[in-house]
$ cat run.cif   # mmCIF, C-alpha atoms and all ligand atoms
data_data
loop_
_atom_site.label_atom_id
_atom_site.label_comp_id
_atom_site.auth_asym_id
_atom_site.auth_seq_id
_atom_site.Cartn_x
_atom_site.Cartn_y
_atom_site.Cartn_z
CA MET Z 1 0.00 0.00 0.00
CA ASN Z 2 1.32 3.46 -0.88
CA SER Z 3 1.53 5.48 2.32
CA ILE Z 4 0.81 9.21 2.26
CA LEU Z 5 2.84 11.93 3.91
CA VAL Z 6 1.03 15.19 4.60
CA VAL Z 7 2.59 18.43 5.79
CA GLY Z 8 0.24 21.18 6.84
CA SER Z 9 -1.40 22.96 9.71
CA VAL Z 10 -2.77 21.30 12.82
CA ALA Z 11 -4.84 24.05 14.34
CA LEU Z 12 -7.27 25.34 16.89
CA ASP Z 13 -10.07 27.00 14.93
CA SER Z 14 -12.79 29.40 16.03
CA VAL Z 15 -15.56 29.44 13.48
CA GLU Z 16 -18.92 31.14 13.12
CA THR Z 17 -21.53 30.10 10.57
CA ARG Z 18 -25.27 30.62 10.16
CA ALA Z 19 -25.74 27.34 12.06
CA GLY Z 20 -23.73 28.32 15.16
CA LYS Z 21 -20.17 28.72 16.37
CA SER Z 22 -17.22 26.77 17.74
CA GLU Z 23 -14.30 28.03 19.84
CA GLU Z 24 -10.77 26.67 19.65
CA ALA Z 25 -11.91 23.39 18.11
CA LEU Z 26 -9.60 20.96 16.33
CA GLY Z 27 -8.85 22.03 12.76
CA GLY Z 28 -6.01 22.58 10.35
CA SER Z 29 -5.37 21.51 6.79
CA ALA Z 30 -3.32 18.40 7.69
CA THR Z 31 -5.93 17.31 10.23
CA TYR Z 32 -8.87 17.34 7.81
CA PHE Z 33 -6.77 15.84 5.03
CA SER Z 34 -5.59 12.89 7.10
CA LEU Z 35 -9.00 12.09 8.60
CA ALA Z 36 -10.28 11.77 5.02
CA ALA Z 37 -7.29 9.97 3.44
CA ARG Z 38 -6.93 7.33 6.18
CA HIS Z 39 -9.83 5.33 4.71
CA PHE Z 40 -7.57 4.26 1.84
CA ALA Z 41 -3.93 4.26 2.97
CA PRO Z 42 -1.64 4.77 5.98
CA VAL Z 43 -1.21 8.51 6.60
CA LYS Z 44 1.65 10.29 8.39
CA ILE Z 45 1.45 13.95 9.46
CA VAL Z 46 4.43 16.30 9.53
CA GLY Z 47 3.64 19.47 11.43
CA VAL Z 48 3.93 21.30 14.70
CA VAL Z 49 1.66 22.12 17.61
CA GLY Z 50 2.29 24.13 20.77
CA GLU Z 51 2.39 22.98 24.37
CA ASP Z 52 -1.26 24.04 24.71
CA PHE Z 53 -2.48 21.44 22.16
CA PRO Z 54 -5.03 19.21 23.95
CA ALA Z 55 -3.87 15.60 24.45
CA ARG Z 56 -7.35 14.34 23.49
CA HIS Z 57 -6.87 15.55 19.90
CA ARG Z 58 -3.61 13.61 19.58
CA GLU Z 59 -5.32 10.51 21.02
CA MET Z 60 -8.25 10.77 18.61
CA LEU Z 61 -5.96 11.06 15.57
CA GLU Z 62 -3.77 8.17 16.74
CA LYS Z 63 -6.80 5.98 17.44
CA GLY Z 64 -7.90 6.80 13.91
CA GLY Z 65 -4.69 5.17 12.65
CA ILE Z 66 -2.84 8.39 11.78
CA ASP Z 67 0.91 8.35 12.39
CA LEU Z 68 1.89 11.40 14.47
CA SER Z 69 5.60 10.64 14.84
CA GLY Z 70 6.27 13.74 12.70
CA LEU Z 71 3.95 16.02 14.70
CA GLU Z 72 6.37 17.98 16.84
CA THR Z 73 5.39 19.79 20.04
CA ALA Z 74 7.24 23.10 20.24
CA LYS Z 75 7.47 25.74 22.93
CA GLY Z 76 4.68 28.25 22.41
CA ARG Z 77 1.10 28.33 21.22
CA THR Z 78 -0.59 26.18 18.59
CA PHE Z 79 -1.48 27.76 15.21
CA ARG Z 80 -4.88 29.47 15.44
CA TRP Z 81 -7.31 30.47 12.72
CA SER Z 82 -10.67 32.14 13.08
CA GLY Z 83 -13.20 32.78 10.39
CA SER Z 84 -16.83 33.32 9.57
CA TYR Z 85 -18.89 32.30 6.55
CA THR Z 86 -21.38 34.18 4.43
CA ALA Z 87 -25.00 33.06 4.83
CA ASP Z 88 -24.76 30.84 1.73
CA PHE Z 89 -21.61 29.20 3.23
CA ASN Z 90 -19.66 29.82 0.03
CA ALA Z 91 -17.10 32.41 1.15
CA ALA Z 92 -14.87 32.23 4.23
CA ASN Z 93 -13.82 35.52 5.80
CA THR Z 94 -10.61 35.09 7.71
CA LEU Z 95 -10.92 37.10 10.94
CA ASP Z 96 -7.54 36.19 12.38
CA THR Z 97 -4.52 34.01 11.58
CA GLN Z 98 -1.92 33.42 14.32
CA LEU Z 99 0.99 31.40 12.99
CA ASN Z 100 2.47 30.95 16.50
CA VAL Z 101 4.70 27.81 16.49
CA PHE Z 102 4.49 27.61 12.68
CA ALA Z 103 6.50 30.84 12.39
CA GLU Z 104 9.64 29.00 13.59
CA PHE Z 105 8.87 25.54 12.21
CA ASP Z 106 11.81 23.82 10.54
CA PRO Z 107 10.60 20.36 9.46
CA LYS Z 108 13.16 17.53 9.56
CA LEU Z 109 11.86 14.33 7.98
CA SER Z 110 12.76 10.88 9.33
CA SER Z 111 13.84 8.21 6.84
CA ALA Z 112 10.35 6.62 6.98
CA HIS Z 113 8.84 9.99 6.06
CA LYS Z 114 11.30 10.61 3.21
CA GLU Z 115 10.41 7.28 1.58
CA CYS Z 116 6.63 7.87 1.41
CA PRO Z 117 5.52 7.45 -2.22
CA VAL Z 118 2.72 10.02 -2.02
CA LEU Z 119 3.25 13.54 -0.69
CA PHE Z 120 0.53 16.08 0.00
CA LEU Z 121 1.70 19.60 0.73
CA ALA Z 122 -1.40 20.91 2.47
CA ASN Z 123 -2.03 24.60 2.90
CA ILE Z 124 0.93 26.11 4.75
CA ASP Z 125 3.75 28.55 3.98
CA PRO Z 126 4.97 27.67 0.44
CA GLU Z 127 8.59 27.93 1.63
CA LEU Z 128 7.90 25.20 4.20
CA GLN Z 129 6.16 23.14 1.52
CA MET Z 130 9.32 23.34 -0.63
CA GLU Z 131 11.55 22.59 2.35
CA VAL Z 132 9.67 19.32 2.91
CA LEU Z 133 9.63 18.46 -0.79
CA SER Z 134 13.39 18.89 -1.08
CA GLN Z 135 13.93 16.25 1.65
CA MET Z 136 11.84 13.56 -0.09
CA LYS Z 137 13.42 10.60 -1.88
CA GLY Z 138 11.68 10.35 -5.25
CA PRO Z 139 7.96 10.38 -4.38
CA LYS Z 140 5.65 8.95 -7.08
CA ILE Z 141 3.13 11.79 -6.74
CA VAL Z 142 3.40 15.24 -5.23
CA ALA Z 143 0.27 17.32 -4.71
CA ALA Z 144 -0.15 20.76 -3.16
CA ASP Z 145 -2.87 23.03 -1.87
CA THR Z 146 -2.55 26.73 -1.08
CA MET Z 147 -4.74 29.73 -0.23
CA ASN Z 148 -5.08 33.47 -0.77
CA PHE Z 149 -3.14 34.23 2.42
CA TRP Z 150 -0.01 32.79 0.72
CA ILE Z 151 -0.84 33.83 -2.85
CA ASP Z 152 -1.07 37.45 -1.64
CA SER Z 153 2.01 37.38 0.58
CA LYS Z 154 4.36 34.92 -1.20
CA LYS Z 155 3.21 34.59 -4.81
CA ALA Z 156 6.72 33.97 -6.20
CA ALA Z 157 7.23 31.06 -3.80
CA VAL Z 158 3.81 29.59 -4.69
CA LYS Z 159 4.73 29.80 -8.38
CA GLU Z 160 8.10 28.16 -7.78
CA LEU Z 161 6.37 25.36 -5.87
CA LEU Z 162 3.99 24.74 -8.78
CA GLY Z 163 6.97 23.93 -10.98
CA ARG Z 164 7.67 20.96 -8.70
CA VAL Z 165 4.23 19.39 -8.17
CA ASP Z 166 2.03 16.98 -10.16
CA ILE Z 167 -1.36 18.01 -8.78
CA LEU Z 168 -2.60 21.40 -7.58
CA PHE Z 169 -5.74 21.93 -5.47
CA VAL Z 170 -7.11 25.48 -5.25
CA ASN Z 171 -10.50 27.13 -4.90
CA GLU Z 172 -11.89 29.25 -7.69
CA GLN Z 173 -10.93 32.65 -6.25
CA GLU Z 174 -7.39 31.37 -5.65
CA ALA Z 175 -7.14 29.86 -9.15
CA GLN Z 176 -8.17 33.15 -10.67
CA SER Z 177 -5.98 35.40 -8.52
CA LEU Z 178 -2.97 33.13 -9.05
CA SER Z 179 -3.36 32.75 -12.82
CA GLY Z 180 -4.87 36.16 -13.63
CA ALA Z 181 -7.60 34.44 -15.71
CA ASP Z 182 -11.31 35.23 -15.33
CA GLY Z 183 -12.79 31.75 -15.66
CA ASN Z 184 -11.95 28.39 -14.11
CA VAL Z 185 -11.14 26.50 -17.30
CA ALA Z 186 -8.82 29.26 -18.51
CA ALA Z 187 -7.21 29.43 -15.05
CA ALA Z 188 -6.65 25.66 -14.94
CA LYS Z 189 -5.05 25.74 -18.36
CA ILE Z 190 -2.63 28.50 -17.32
CA LEU Z 191 -1.79 26.76 -14.04
CA THR Z 192 -0.96 23.45 -15.77
CA GLY Z 193 1.43 25.46 -17.93
CA TRP Z 194 3.38 26.29 -14.75
CA GLY Z 195 3.99 22.67 -13.76
CA PRO Z 196 1.19 20.43 -12.43
CA SER Z 197 -0.34 18.01 -14.95
CA VAL Z 198 -3.59 17.89 -12.94
CA VAL Z 199 -5.42 20.89 -11.48
CA VAL Z 200 -8.47 20.59 -9.23
CA ILE Z 201 -10.51 23.76 -8.73
CA LYS Z 202 -12.87 23.61 -5.75
CA LYS Z 203 -16.09 25.62 -5.95
CA GLY Z 204 -17.82 25.08 -2.59
CA GLU Z 205 -21.45 24.01 -2.98
CA HIS Z 206 -20.97 24.17 -6.76
CA GLY Z 207 -18.60 21.22 -6.67
CA ALA Z 208 -15.21 20.90 -8.31
CA LEU Z 209 -13.58 20.96 -11.70
CA LEU Z 210 -10.94 18.41 -12.59
CA TYR Z 211 -8.54 19.46 -15.35
CA ALA Z 212 -6.15 16.84 -16.72
CA GLY Z 213 -4.49 16.35 -20.10
CA ARG Z 214 -6.46 19.33 -21.49
CA LYS Z 215 -9.72 17.60 -20.57
CA VAL Z 216 -12.23 19.16 -18.19
CA TYR Z 217 -14.40 17.00 -15.92
CA PRO Z 218 -17.02 18.77 -13.80
CA PHE Z 219 -18.13 17.23 -10.47
CA PRO Z 220 -21.17 18.67 -8.70
CA ALA Z 221 -21.22 18.78 -4.91
CA TYR Z 222 -23.28 16.04 -3.25
CA PRO Z 223 -26.53 17.94 -2.62
CA LYS Z 224 -27.25 18.65 1.04
CA GLU Z 225 -30.22 20.38 2.58
CA SER Z 226 -28.35 21.68 5.59
CA ILE Z 227 -24.73 22.50 6.33
CA GLU Z 228 -23.21 23.23 9.73
CA ASP Z 229 -19.67 24.28 8.95
CA PRO Z 230 -17.78 24.20 5.62
CA THR Z 231 -14.34 24.56 7.27
CA GLY Z 232 -12.08 21.79 6.03
CA ALA Z 233 -14.26 20.87 3.05
CA GLY Z 234 -11.37 21.61 0.70
CA ASP Z 235 -8.91 19.57 2.74
CA SER Z 236 -11.26 16.63 3.14
CA PHE Z 237 -11.82 16.75 -0.63
CA GLY Z 238 -8.02 16.63 -1.02
CA GLY Z 239 -7.74 13.75 1.46
CA GLY Z 240 -10.43 11.68 -0.26
CA PHE Z 241 -8.94 12.42 -3.68
CA MET Z 242 -5.33 11.62 -2.75
CA GLY Z 243 -6.31 8.61 -0.64
CA ALA Z 244 -8.24 7.01 -3.51
CA LEU Z 245 -5.52 7.94 -6.00
CA SER Z 246 -2.75 6.45 -3.85
CA VAL Z 247 -4.19 2.99 -4.55
CA ASP Z 248 -3.18 3.38 -8.23
CA PRO Z 249 -1.12 6.54 -8.68
CA ASP Z 250 -1.18 6.64 -12.49
CA LEU Z 251 -2.11 10.19 -13.43
CA SER Z 252 -2.54 9.36 -17.12
CA ASN Z 253 -5.47 7.07 -16.23
CA HIS Z 254 -8.43 9.44 -16.13
CA SER Z 255 -10.75 6.79 -14.64
CA ASN Z 256 -8.49 6.81 -11.58
CA LEU Z 257 -8.63 10.58 -11.39
CA LYS Z 258 -12.42 10.59 -11.72
CA ARG Z 259 -12.84 7.94 -9.01
CA ALA Z 260 -10.60 10.09 -6.79
CA ALA Z 261 -12.83 13.12 -7.46
CA VAL Z 262 -15.90 11.07 -6.48
CA TYR Z 263 -14.34 10.18 -3.11
CA GLY Z 264 -13.15 13.79 -2.66
CA SER Z 265 -16.67 15.13 -3.25
CA VAL Z 266 -18.25 12.60 -0.89
CA LEU Z 267 -15.74 13.16 1.94
CA ALA Z 268 -16.27 16.91 1.68
CA SER Z 269 -20.04 16.36 1.93
CA PHE Z 270 -19.65 14.42 5.18
CA ASN Z 271 -17.28 16.99 6.62
CA VAL Z 272 -19.72 19.90 6.28
CA GLU Z 273 -22.35 18.09 8.36
CA SER Z 274 -20.71 19.11 11.65
CA PHE Z 275 -18.41 21.69 13.20
CA SER Z 276 -14.72 20.82 13.40
CA THR Z 277 -13.80 17.18 12.66
CA GLU Z 278 -16.74 15.55 14.44
CA ARG Z 279 -18.40 13.89 11.43
CA LEU Z 280 -15.13 12.67 9.92
CA GLU Z 281 -14.07 11.13 13.23
CA GLY Z 282 -16.94 8.64 13.29
CA LEU Z 283 -17.21 8.00 9.56
CA THR Z 284 -17.01 4.35 8.48
CA ARG Z 285 -15.80 3.03 5.15
CA ASP Z 286 -19.23 1.44 4.57
CA ALA Z 287 -21.04 4.76 4.98
CA LEU Z 288 -18.48 6.40 2.70
CA ASP Z 289 -18.88 3.81 -0.07
CA ALA Z 290 -22.68 3.87 0.24
CA ARG Z 291 -22.75 7.63 -0.33
CA ALA Z 292 -20.19 7.34 -3.15
CA ARG Z 293 -22.52 4.86 -4.92
CA GLU Z 294 -25.49 7.16 -4.40
CA TYR Z 295 -23.45 10.12 -5.71
CA VAL Z 296 -22.45 8.39 -8.96
CA GLU Z 297 -26.09 7.38 -9.47
CA LEU Z 298 -26.93 11.08 -9.31
CA LEU Z 299 -24.26 11.82 -11.91
CA SER Z 300 -25.42 9.33 -14.50
CA VAL Z 301 -27.86 10.48 -17.16
CA ASP Z 302 -29.51 8.25 -19.75
CA PHE Z 303 -29.47 10.42 -22.80
CA GLU Z 304 -30.98 10.00 -26.23
CA PRO Z 305 -31.35 13.10 -28.41
CA VAL Z 306 -34.93 14.28 -28.89
CA PRO Z 307 -35.91 13.05 -32.38
CA ALA Z 308 -35.43 15.83 -34.91
P1 LIG W 401 -10.39 24.59 4.07
O1 LIG W 401 -10.36 23.14 3.72
O2 LIG W 401 -9.89 25.43 2.94
O3 LIG W 401 -11.70 25.04 4.64
O4 LIG W 401 -9.27 24.80 5.23
C1 LIG W 401 -9.59 25.08 6.55
C2 LIG W 401 -8.40 24.90 7.48
O5 LIG W 401 -7.27 25.64 7.01
C3 LIG W 401 -8.73 25.43 8.85
O6 LIG W 401 -8.92 24.35 9.75
C4 LIG W 401 -7.54 26.33 9.24
O7 LIG W 401 -6.98 25.97 10.49
C5 LIG W 401 -6.53 26.12 8.13
N1 LIG W 401 -5.89 27.39 7.74
C6 LIG W 401 -6.49 28.60 7.58
N2 LIG W 401 -5.58 29.54 7.21
C7 LIG W 401 -4.38 28.90 7.14
C8 LIG W 401 -3.04 29.33 6.79
N3 LIG W 401 -2.76 30.60 6.47
N4 LIG W 401 -2.07 28.38 6.79
C9 LIG W 401 -2.34 27.11 7.11
N5 LIG W 401 -3.56 26.65 7.44
C10 LIG W 401 -4.59 27.53 7.45
#
$ encode --input "run.cif" --output "structure tokens" --more "lines below"
Ligand code: AMP
Amino acid sequence: MNSILVVGSVALDSVETRAGKSEEALGGSATYFSLAARHFAPVKIVGVVGEDFPARHREMLEKGGIDLSGLETAKGRTFRWSGSYTADFNAANTLDTQLNVFAEFDPKLSSAHKECPVLFLANIDPELQMEVLSQMKGPKIVAADTMNFWIDSKKAAVKELLGRVDILFVNEQEAQSLSGADGNVAAAKILTGWGPSVVVIKKGEHGALLYAGRKVYPFPAYPKESIEDPTGAGDSFGGGFMGALSVDPDLSNHSNLKRAAVYGSVLASFNVESFSTERLEGLTRDALDARAREYVELLSVDFEPVPA
């Protein structure tokens, strides 16, 4: 089995949505990613938390089979993010970002980490993402996520990173601000020109667009009547996608990529059902596969042209 290494934030998030609010709850890009990807492959996190990080979060992740040998505890406070969402849940407003222990983080990979065949550079400082990548020993697939915070403050580093990855995950505002294009297809085309052969553009409740080998595959979001908290939807999409892909990491096989996008969409739909990581924590593989089957049923259309 191809194990997956993820570097990214492990955070304490304070979030407000139309459905309620949570204070200092478990979050972070690496956290959501690994809780989604663990259904398919062993996952190891590389990251840092502060001395204030609650032991129960570590225990929950370890019980879930996630390898935390690369999750360092440093002197200081854990990374904190707080945000609120518009009433339609589609746009996150960052209220505060406190890098805390991430500001000084200098990741040193063990030999087991360096040998992982699949690497996911979750949303974190692009310079740290490159630092981790440069320590790896010939991974089969490298994927990266980023966000406006880094595109606005370190665009050159984000662009340099893109030259070294196979798959890029971004949301539509990020794709457009990074590429300078107005539409998603045009943005994906420009971004593949900078390095990655596959670009996934996430569009919140409007689903995701998979761009590979100049082909565009749209994936709607699994329709839900009510949402509690969209935080981590993008990272759980990434975790489902990379987890499923790790089983057969051949990027030229578009059936593989499409199956990965199905799992990404379904994991994101579970994640938004609760605040923080609650829904992902209890999710079984059976429930995941059942919703994946239901989702592909929704996608299929029997079509015959109307007789002329
Ligand atoms: P998303 O999947 O895009 O909703 O990601 C949400 C997670 O990203 C939250 O749990 C935050 O802790 C984390 N996050 C927000 N801003 C940053 C940042 N600048 N660097 C790293 N992680 C972040």
$ closest_residue --input "run.cif" --among "Z:Val272, Z:Leu251, Z:Val7, Z:Val46" --to "Asp145 (chain Z)" --atoms "all atoms listed in the file"
Z:Val7
$ closest_atom_pairs --input "run.cif" --of "chain Z" --to "ligand LIG 401 (chain W)" --cutoff "9 Å" --atoms "only C-alpha atoms and all ligand atoms" --output "tab-separated table"
residue	atom	partner	partner_atom	distance
Z:Gly8	CA	W:LIG401	C9	6.5
Z:Ser9	CA	W:LIG401	N5	4.8
Z:Val10	CA	W:LIG401	O7	6.7
Z:Ala11	CA	W:LIG401	O7	4.8
Z:Leu12	CA	W:LIG401	O7	6.4
Z:Asp13	CA	W:LIG401	O7	5.5
Z:Ser14	CA	W:LIG401	O7	8.7
Z:Ala25	CA	W:LIG401	O6	8.9
Z:Leu26	CA	W:LIG401	O6	7.4
Z:Gly27	CA	W:LIG401	O6	3.8
Z:Gly28	CA	W:LIG401	O6	3.5
Z:Ser29	CA	W:LIG401	O5	4.6
Z:Ala30	CA	W:LIG401	C2	8.3
Z:Thr31	CA	W:LIG401	O6	7.7
Z:Tyr32	CA	W:LIG401	O1	7.3
Z:Phe33	CA	W:LIG401	O1	8.2
Z:Phe79	CA	W:LIG401	O7	7.5
Z:Arg80	CA	W:LIG401	O7	6.4
Z:Trp81	CA	W:LIG401	O7	5.0
Z:Ser82	CA	W:LIG401	C4	7.6
Z:Gly83	CA	W:LIG401	C6	8.4
Z:Ala92	CA	W:LIG401	O3	7.9
Z:Thr94	CA	W:LIG401	N2	7.5
Z:Asp96	CA	W:LIG401	N2	8.6
Z:Thr97	CA	W:LIG401	N2	6.3
Z:Gln98	CA	W:LIG401	N3	8.4
Z:Leu99	CA	W:LIG401	N4	7.5
Z:Phe102	CA	W:LIG401	C9	8.8
Z:Ala122	CA	W:LIG401	C9	7.8
Z:Asn123	CA	W:LIG401	C9	4.9
Z:Ile124	CA	W:LIG401	C9	4.2
Z:Asp125	CA	W:LIG401	N4	6.5
Z:Asp145	CA	W:LIG401	O2	8.8
Z:Thr146	CA	W:LIG401	N4	8.1
Z:Met147	CA	W:LIG401	N3	7.0
Z:Asn148	CA	W:LIG401	N3	8.1
Z:Phe149	CA	W:LIG401	N3	5.5
Z:Trp150	CA	W:LIG401	N3	6.7
Z:Val170	CA	W:LIG401	O2	8.6
Z:Asn171	CA	W:LIG401	O2	8.0
Z:Pro230	CA	W:LIG401	O3	6.2
Z:Thr231	CA	W:LIG401	O3	3.8
Z:Gly232	CA	W:LIG401	O1	3.2
Z:Ala233	CA	W:LIG401	O1	4.6
Z:Gly234	CA	W:LIG401	O1	3.5
Z:Asp235	CA	W:LIG401	O1	4.0
Z:Ser236	CA	W:LIG401	O1	6.6
Z:Phe237	CA	W:LIG401	O1	7.9
Z:Gly238	CA	W:LIG401	O1	8.4
Z:Ala268	CA	W:LIG401	O1	8.8
Z:Ser276	CA	W:LIG401	O6	7.7
$ write_last_selection --input "run.cif" --atoms "C-alpha atoms" --output "PDB file, keeping the file's coordinate frame"
ATOM      1  CA  GLY Z   8       0.240  21.180   6.840  1.00  0.00           C
ATOM      2  CA  SER Z   9      -1.400  22.960   9.710  1.00  0.00           C
ATOM      3  CA  VAL Z  10      -2.770  21.300  12.820  1.00  0.00           C
ATOM      4  CA  ALA Z  11      -4.840  24.050  14.340  1.00  0.00           C
ATOM      5  CA  LEU Z  12      -7.270  25.340  16.890  1.00  0.00           C
ATOM      6  CA  ASP Z  13     -10.070  27.000  14.930  1.00  0.00           C
ATOM      7  CA  SER Z  14     -12.790  29.400  16.030  1.00  0.00           C
ATOM      8  CA  ALA Z  25     -11.910  23.390  18.110  1.00  0.00           C
ATOM      9  CA  LEU Z  26      -9.600  20.960  16.330  1.00  0.00           C
ATOM     10  CA  GLY Z  27      -8.850  22.030  12.760  1.00  0.00           C
ATOM     11  CA  GLY Z  28      -6.010  22.580  10.350  1.00  0.00           C
ATOM     12  CA  SER Z  29      -5.370  21.510   6.790  1.00  0.00           C
ATOM     13  CA  ALA Z  30      -3.320  18.400   7.690  1.00  0.00           C
ATOM     14  CA  THR Z  31      -5.930  17.310  10.230  1.00  0.00           C
ATOM     15  CA  TYR Z  32      -8.870  17.340   7.810  1.00  0.00           C
ATOM     16  CA  PHE Z  33      -6.770  15.840   5.030  1.00  0.00           C
ATOM     17  CA  PHE Z  79      -1.480  27.760  15.210  1.00  0.00           C
ATOM     18  CA  ARG Z  80      -4.880  29.470  15.440  1.00  0.00           C
ATOM     19  CA  TRP Z  81      -7.310  30.470  12.720  1.00  0.00           C
ATOM     20  CA  SER Z  82     -10.670  32.140  13.080  1.00  0.00           C
ATOM     21  CA  GLY Z  83     -13.200  32.780  10.390  1.00  0.00           C
ATOM     22  CA  ALA Z  92     -14.870  32.230   4.230  1.00  0.00           C
ATOM     23  CA  THR Z  94     -10.610  35.090   7.710  1.00  0.00           C
ATOM     24  CA  ASP Z  96      -7.540  36.190  12.380  1.00  0.00           C
ATOM     25  CA  THR Z  97      -4.520  34.010  11.580  1.00  0.00           C
ATOM     26  CA  GLN Z  98      -1.920  33.420  14.320  1.00  0.00           C
ATOM     27  CA  LEU Z  99       0.990  31.400  12.990  1.00  0.00           C
ATOM     28  CA  PHE Z 102       4.490  27.610  12.680  1.00  0.00           C
ATOM     29  CA  ALA Z 122      -1.400  20.910   2.470  1.00  0.00           C
ATOM     30  CA  ASN Z 123      -2.030  24.600   2.900  1.00  0.00           C
ATOM     31  CA  ILE Z 124       0.930  26.110   4.750  1.00  0.00           C
ATOM     32  CA  ASP Z 125       3.750  28.550   3.980  1.00  0.00           C
ATOM     33  CA  ASP Z 145      -2.870  23.030  -1.870  1.00  0.00           C
ATOM     34  CA  THR Z 146      -2.550  26.730  -1.080  1.00  0.00           C
ATOM     35  CA  MET Z 147      -4.740  29.730  -0.230  1.00  0.00           C
ATOM     36  CA  ASN Z 148      -5.080  33.470  -0.770  1.00  0.00           C
ATOM     37  CA  PHE Z 149      -3.140  34.230   2.420  1.00  0.00           C
ATOM     38  CA  TRP Z 150      -0.010  32.790   0.720  1.00  0.00           C
ATOM     39  CA  VAL Z 170      -7.110  25.480  -5.250  1.00  0.00           C
ATOM     40  CA  ASN Z 171     -10.500  27.130  -4.900  1.00  0.00           C
ATOM     41  CA  PRO Z 230     -17.780  24.200   5.620  1.00  0.00           C
ATOM     42  CA  THR Z 231     -14.340  24.560   7.270  1.00  0.00           C
ATOM     43  CA  GLY Z 232     -12.080  21.790   6.030  1.00  0.00           C
ATOM     44  CA  ALA Z 233     -14.260  20.870   3.050  1.00  0.00           C
ATOM     45  CA  GLY Z 234     -11.370  21.610   0.700  1.00  0.00           C
ATOM     46  CA  ASP Z 235      -8.910  19.570   2.740  1.00  0.00           C
ATOM     47  CA  SER Z 236     -11.260  16.630   3.140  1.00  0.00           C
ATOM     48  CA  PHE Z 237     -11.820  16.750  -0.630  1.00  0.00           C
ATOM     49  CA  GLY Z 238      -8.020  16.630  -1.020  1.00  0.00           C
ATOM     50  CA  ALA Z 268     -16.270  16.910   1.680  1.00  0.00           C
ATOM     51  CA  SER Z 276     -14.720  20.820  13.400  1.00  0.00           C
TER      52      SER Z 276
END
$ atom_distance --input "run.cif" --atom1 "CA of Tyr211 (chain Z)" --atom2 "CA of Pro139 (chain Z)"
21.8 Å
$ atom_distance --input "run.cif" --atom1 "CA of Ser246 (chain Z)" --atom2 "CA of Pro42 (chain Z)"
10.0 Å
$ atom_distance --input "run.cif" --atom1 "CA of Ile201 (chain Z)" --atom2 "CA of Ala144 (chain Z)"
12.1 Å
$ residues_around --input "run.cif" --residues "region 283-286 of chain Z" --least-positions-apart "5" --cutoff "10 Å" --atoms "all atoms listed in the file" --output "JSON list (two decimals) with C-alpha atoms, keeping the file's coordinate frame"
[["chain", "number", "residue", "atom", "x", "y", "z"],
["Z", 35, "LEU", "CA", -9.00, 12.09, 8.60],
["Z", 36, "ALA", "CA", -10.28, 11.77, 5.02],
["Z", 38, "ARG", "CA", -6.93, 7.33, 6.18],
["Z", 39, "HIS", "CA", -9.83, 5.33, 4.71],
["Z", 40, "PHE", "CA", -7.57, 4.26, 1.84],
["Z", 267, "LEU", "CA", -15.74, 13.16, 1.94],
["Z", 270, "PHE", "CA", -19.65, 14.42, 5.18],
["Z", 271, "ASN", "CA", -17.28, 16.99, 6.62],
["Z", 278, "GLU", "CA", -16.74, 15.55, 14.44],
["Z", 291, "ARG", "CA", -22.75, 7.63, -0.33],
["Z", 292, "ALA", "CA", -20.19, 7.34, -3.15]]
$ residues_near_point --input "run.cif" --point "(-16.4, 30.0, 10.0)" --cutoff "6 Å" --atoms "only C-alpha atoms" --output "list in words"
Val15, Glu16, Thr17, Gly83, Ser84 and Tyr85 of chain Z
$ write_last_selection --input "run.cif" --atoms "C-alpha atoms" --output "JSON list (two decimals), keeping the file's coordinate frame"
[["chain", "number", "residue", "atom", "x", "y", "z"],
["Z", 15, "VAL", "CA", -15.56, 29.44, 13.48],
["Z", 16, "GLU", "CA", -18.92, 31.14, 13.12],
["Z", 17, "THR", "CA", -21.53, 30.10, 10.57],
["Z", 83, "GLY", "CA", -13.20, 32.78, 10.39],
["Z", 84, "SER", "CA", -16.83, 33.32, 9.57],
["Z", 85, "TYR", "CA", -18.89, 32.30, 6.55]]
$ residues_around --input "run.cif" --residues "Tyr217 (chain Z)" --least-positions-apart "4" --cutoff "9 Å" --atoms "only C-alpha atoms" --output "MDAnalysis selection string"
chainID Z and resid 208:212 258
$ residues_around --input "run.cif" --residues "Thr73 (chain Z)" --least-positions-apart "2" --cutoff "6 Å" --atoms "all atoms listed in the file" --output "list in words"
Val48, Val49 and Gly50 of chain Z
$ write_last_selection --input "run.cif" --atoms "C-alpha atoms" --output "mmCIF file, in the frame of the given file"
data_model
loop_
_atom_site.group_PDB
_atom_site.id
_atom_site.type_symbol
_atom_site.label_atom_id
_atom_site.label_comp_id
_atom_site.auth_asym_id
_atom_site.auth_seq_id
_atom_site.Cartn_x
_atom_site.Cartn_y
_atom_site.Cartn_z
ATOM 1 C CA VAL Z 48 3.930 21.300 14.700
ATOM 2 C CA VAL Z 49 1.660 22.120 17.610
ATOM 3 C CA GLY Z 50 2.290 24.130 20.770
#
$ residues_around --input "run.cif" --residues "Glu294 (chain Z)" --least-positions-apart "2" --cutoff "12 Å" --atoms "only C-alpha atoms" --output "ChimeraX atom specification"
/Z:222-223,262-263,265-266,287-292,296-300
$ write_last_selection --input "run.cif" --atoms "C-alpha atoms" --output "short mmCIF file (atom, residue, chain, number, x, y, z; two decimals), in the coordinates of the input"
data_model
loop_
_atom_site.label_atom_id
_atom_site.label_comp_id
_atom_site.auth_asym_id
_atom_site.auth_seq_id
_atom_site.Cartn_x
_atom_site.Cartn_y
_atom_site.Cartn_z
CA TYR Z 222 -23.28 16.04 -3.25
CA PRO Z 223 -26.53 17.94 -2.62
CA VAL Z 262 -15.90 11.07 -6.48
CA TYR Z 263 -14.34 10.18 -3.11
CA SER Z 265 -16.67 15.13 -3.25
CA VAL Z 266 -18.25 12.60 -0.89
CA ALA Z 287 -21.04 4.76 4.98
CA LEU Z 288 -18.48 6.40 2.70
CA ASP Z 289 -18.88 3.81 -0.07
CA ALA Z 290 -22.68 3.87 0.24
CA ARG Z 291 -22.75 7.63 -0.33
CA ALA Z 292 -20.19 7.34 -3.15
CA VAL Z 296 -22.45 8.39 -8.96
CA GLU Z 297 -26.09 7.38 -9.47
CA LEU Z 298 -26.93 11.08 -9.31
CA LEU Z 299 -24.26 11.82 -11.91
CA SER Z 300 -25.42 9.33 -14.50
#
